Number of protein chains: 2
Amino acid sequence: MLQLALQSLQSKMPQPTQTAIMVIGGAEDKVHGREILHSFFGRSGGEDARIAILPCASREPALIGDRYRSIFQAMGAKAIEVLNICDRAQCDDPVLQAYVSDCTGVFLTGGDQLRLCGILADTPLMTILRSRAQAQALTLAGTSAGAAVMGYHMIAGGGSGETPNRSMVDMTLGLGIIPEVIVDQHFHNRNRMARLMSAIAGHRDRLGIGIDEDTCAVFEGDGILQVMGKGAVTIVDPGEMSYTNHAEVSQTEPLCISNLRVHILDAGSCFDLHKRRMTLLNR
Amino acid sequence: MLQLALQSLQSKMPQPTQTAIMVIGGAEDKVHGREILHSFFGRSGGEDARIAILPCASREPALIGDRYRSIFQAMGAKAIEVLNICDRAQCDDPVLQAYVSDCTGVFLTGGDQLRLCGILADTPLMTILRSRAQAQALTLAGTSAGAAVMGYHMIAGGGSGETPNRSMVDMTLGLGIIPEVIVDQHFHNRNRMARLMSAIAGHRDRLGIGIDEDTCAVFEGDGILQVMGKGAVTIVDPGEMSYTNHAEVSQTEPLCISNLRVHILDAGSCFDLHKRRMTLLNR
């Protein structure tokens, strides 16, 4: 009964069709309303979508790849390939490159963001994928580790339960799909505000974006971020930061950071990335 | 050897003498440098201090009272009373009132802030204590539960690991010693940023102050807050908050909060409570 009711609800939901870069905070609903995954499906072209699933962040890529394949198949997608890329050499494969050049939706699963970057960063396949995503020629979604890689700078790991400090966050380079942001995922669920603030103190030219589980920051390429899902998207904006001791302190000393601007945005909220403020599109 | 070195260091440290309200985030060092407790001792008059210890937040008031008595005795305080107040009727006792009217330092221990308020709120003893603290006639320190009670509004309890929401924080009234603040303690140690932000969203006329363990926010009555100790004092300022859905959402729906200003201040930092910005006194 519930399943029927949900299917009925889904069929009534407006299907978003515009391509987007979808940054998902992990643990998105895969069983019930599947709101975020449904949006990815719709934005990839719905039943006409040509979807590539990249499970290479995971240590069980076949398993996780099949899971997403089943989900998108159940939604009605006919053309789905799981691209189980295990090493960088595969990124030179013209067949894989041709598929990525032609597909309408790419989904980066969770796992380990270092593993994902280790395989994809600076490869011909990644160049195709990034340029097509930035040109809005396809919808690119990443969840958890697949979200973490979106920025030029990436949070590789870190801690919580401490006064913000430099050792609390391990930074490296990401895939640069949305270069201006530093993404953190499972955000409030794993108490990551302090580590995102620690990261941002060292990168004042970026924007920190913390995404809760089953929550998505949708970038449509118009400079507006939209929130969908169960939790919140948190923006940590250092644009007016007036002081930090980040360059002076040791790895473990407390950071001092003055004048961060923070926005916590629930589903339906929009944020103007250029003006760096919540917009009144829907409120 | 270490002990001797620390004692030698202590004797060289300048002894603060000005009275203050000292809001301590809990778990202050009681064994080694004892920086914060030493500052309380000095600000209460040093060897000439007349100190009252109020352990009534605790379920083991005799034990915790004795512990602080030993510490201040070891520092050289001669006149120390542990005021083991168990019920509100004792707050009418003229002998206790006379002692509080005459003492130079009062220390509120940790425990349960609801218990502390239940005993002290709206009693003649509390009226004396608050008015003398506000008139800078004595130094009043509170740690953990003793810190939580400082504001007019008080965080009684709450959670972490969630998207900010109204049910995440239980609000009640505190002792109103520094009415304009809402204090949270054990702050980064227990990942309380989301609950303080949840509290502040509903009280935009207040200033959120999150204090880490072994860290103290020192209010000298000049409108400047100074930080001492091992961690940070975090200011959550809703003065420019441009939107919140706090009044509209249910207890468990995600809060939307736009435009909070956040400052994370390490030891030595100062914050101007009127201008609501970090000051350059020491930087």
# chains A, B, ... in the order shown; residues from 1 in each chain; ligands from 1

$ interface_residues --of "chain A" --to "chain B" --cutoff "8 Å" --atoms "only C-alpha atoms" --output "ChimeraX atom specification"
/A:160-164,188-191,193-194,212,230-232,254-266,277-278

$ closest_atom_pairs --of "segment 75-123 of chain A" --to "segment 36-46 of chain A" --cutoff "10 Å" --atoms "only C-alpha atoms" --output "tab-separated table"
residue	atom	partner	partner_atom	distance
A:Met75	CA	A:His38	CA	7.5
A:Gly76	CA	A:Gly46	CA	7.2
A:Ala77	CA	A:Gly46	CA	6.4
A:Lys78	CA	A:Gly46	CA	9.2
A:Cys103	CA	A:Ser44	CA	8.6
A:Thr104	CA	A:Ser44	CA	5.1
A:Gly105	CA	A:Ser44	CA	4.7
A:Val106	CA	A:Ser44	CA	8.2
A:Phe107	CA	A:Phe40	CA	8.5

$ closest_residue --among "B:Ile21, B:Ile64, B:Val95, B:Leu175" --to "Cys117 of chain B" --atoms "only C-alpha atoms"
B:Leu175

$ residues_around --residues "Val31 of chain B" --least-positions-apart "2" --cutoff "12 Å" --atoms "only C-alpha atoms" --output "count of residues only"
21

$ decode --residues "segment 38-53 of chain A" --atoms "all heavy atoms" --output "compact mmCIF listing (two decimals), in the first residue's frame"
# COMPACT_ATOMS: atom_id res chain seq x y z
N HIS A 38 15.71 10.11 -7.99
CA HIS A 38 14.70 10.36 -9.01
C HIS A 38 14.99 11.64 -9.76
O HIS A 38 14.81 11.74 -10.99
CB HIS A 38 13.31 10.41 -8.38
CG HIS A 38 12.28 9.71 -9.20
ND1 HIS A 38 11.64 10.33 -10.24
CD2 HIS A 38 11.82 8.44 -9.16
CE1 HIS A 38 10.82 9.46 -10.80
NE2 HIS A 38 10.91 8.31 -10.17
N SER A 39 15.46 12.63 -9.03
CA SER A 39 15.82 13.90 -9.67
C SER A 39 16.99 13.69 -10.62
O SER A 39 17.00 14.21 -11.75
CB SER A 39 16.15 14.94 -8.60
OG SER A 39 16.58 16.13 -9.21
N PHE A 40 17.98 12.91 -10.18
CA PHE A 40 19.12 12.60 -11.07
C PHE A 40 18.63 11.92 -12.35
O PHE A 40 19.04 12.28 -13.46
CB PHE A 40 20.13 11.70 -10.36
CG PHE A 40 21.16 11.11 -11.28
CD1 PHE A 40 22.21 11.89 -11.75
CD2 PHE A 40 21.07 9.79 -11.70
CE1 PHE A 40 23.16 11.35 -12.63
CE2 PHE A 40 22.01 9.25 -12.58
CZ PHE A 40 23.06 10.04 -13.04
N PHE A 41 17.75 10.94 -12.16
CA PHE A 41 17.18 10.21 -13.30
C PHE A 41 16.48 11.17 -14.27
O PHE A 41 16.72 11.14 -15.49
CB PHE A 41 16.21 9.14 -12.76
CG PHE A 41 15.31 8.52 -13.77
CD1 PHE A 41 15.80 7.63 -14.73
CD2 PHE A 41 13.94 8.79 -13.77
CE1 PHE A 41 14.95 7.05 -15.66
CE2 PHE A 41 13.09 8.22 -14.70
CZ PHE A 41 13.60 7.35 -15.66
N GLY A 42 15.64 12.05 -13.71
CA GLY A 42 14.92 13.01 -14.55
C GLY A 42 15.87 13.97 -15.25
O GLY A 42 15.74 14.23 -16.46
N ARG A 43 16.85 14.48 -14.51
CA ARG A 43 17.78 15.46 -15.08
C ARG A 43 18.72 14.81 -16.10
O ARG A 43 19.37 15.52 -16.89
CB ARG A 43 18.60 16.11 -13.95
CG ARG A 43 17.78 17.05 -13.08
CD ARG A 43 18.61 17.58 -11.93
NE ARG A 43 17.84 18.47 -11.07
CZ ARG A 43 17.68 19.78 -11.30
NH1 ARG A 43 18.20 20.33 -12.37
NH2 ARG A 43 16.97 20.51 -10.46
N SER A 44 18.82 13.48 -16.06
CA SER A 44 19.67 12.78 -17.03
C SER A 44 18.88 12.43 -18.29
O SER A 44 19.44 11.86 -19.23
CB SER A 44 20.23 11.50 -16.40
OG SER A 44 21.04 11.81 -15.30
N GLY A 45 17.59 12.73 -18.29
CA GLY A 45 16.79 12.45 -19.48
C GLY A 45 15.66 11.46 -19.28
O GLY A 45 14.99 11.07 -20.23
N GLY A 46 15.47 11.01 -18.03
CA GLY A 46 14.36 10.09 -17.76
C GLY A 46 14.54 8.78 -18.53
O GLY A 46 15.64 8.22 -18.58
N GLU A 47 13.48 8.32 -19.13
CA GLU A 47 13.54 7.02 -19.82
C GLU A 47 14.52 7.02 -21.00
O GLU A 47 14.99 5.97 -21.43
CB GLU A 47 12.15 6.61 -20.29
CG GLU A 47 11.23 6.35 -19.10
CD GLU A 47 9.86 5.84 -19.52
OE1 GLU A 47 9.66 5.63 -20.73
OE2 GLU A 47 9.00 5.65 -18.64
N ASP A 48 14.83 8.21 -21.48
CA ASP A 48 15.79 8.29 -22.60
C ASP A 48 17.23 8.48 -22.13
O ASP A 48 18.14 8.67 -22.96
CB ASP A 48 15.41 9.47 -23.50
CG ASP A 48 14.00 9.32 -24.06
OD1 ASP A 48 13.63 8.16 -24.37
OD2 ASP A 48 13.28 10.33 -24.15
N ALA A 49 17.42 8.45 -20.82
CA ALA A 49 18.77 8.71 -20.29
C ALA A 49 19.75 7.64 -20.74
O ALA A 49 19.40 6.47 -20.92
CB ALA A 49 18.71 8.74 -18.76
N ARG A 50 21.00 8.07 -20.91
CA ARG A 50 22.13 7.13 -21.06
C ARG A 50 23.05 7.38 -19.86
O ARG A 50 23.72 8.41 -19.80
CB ARG A 50 22.86 7.38 -22.39
CG ARG A 50 22.01 7.06 -23.63
CD ARG A 50 22.79 7.25 -24.93
NE ARG A 50 23.27 8.62 -25.08
CZ ARG A 50 22.51 9.67 -25.46
NH1 ARG A 50 21.22 9.51 -25.72
NH2 ARG A 50 23.04 10.86 -25.58
N ILE A 51 22.97 6.44 -18.93
CA ILE A 51 23.59 6.66 -17.61
C ILE A 51 24.86 5.84 -17.47
O ILE A 51 24.90 4.66 -17.82
CB ILE A 51 22.59 6.29 -16.49
CG1 ILE A 51 21.42 7.29 -16.48
CG2 ILE A 51 23.29 6.25 -15.12
CD1 ILE A 51 20.31 6.95 -15.50
N ALA A 52 25.91 6.49 -16.91
CA ALA A 52 27.13 5.77 -16.53
C ALA A 52 27.26 5.83 -15.01
O ALA A 52 27.17 6.91 -14.42
CB ALA A 52 28.35 6.43 -17.17
N ILE A 53 27.42 4.65 -14.41
CA ILE A 53 27.66 4.59 -12.97
C ILE A 53 29.14 4.31 -12.76
O ILE A 53 29.67 3.34 -13.30
CB ILE A 53 26.80 3.48 -12.33
CG1 ILE A 53 25.32 3.81 -12.53
CG2 ILE A 53 27.13 3.32 -10.85
CD1 ILE A 53 24.39 2.63 -12.26
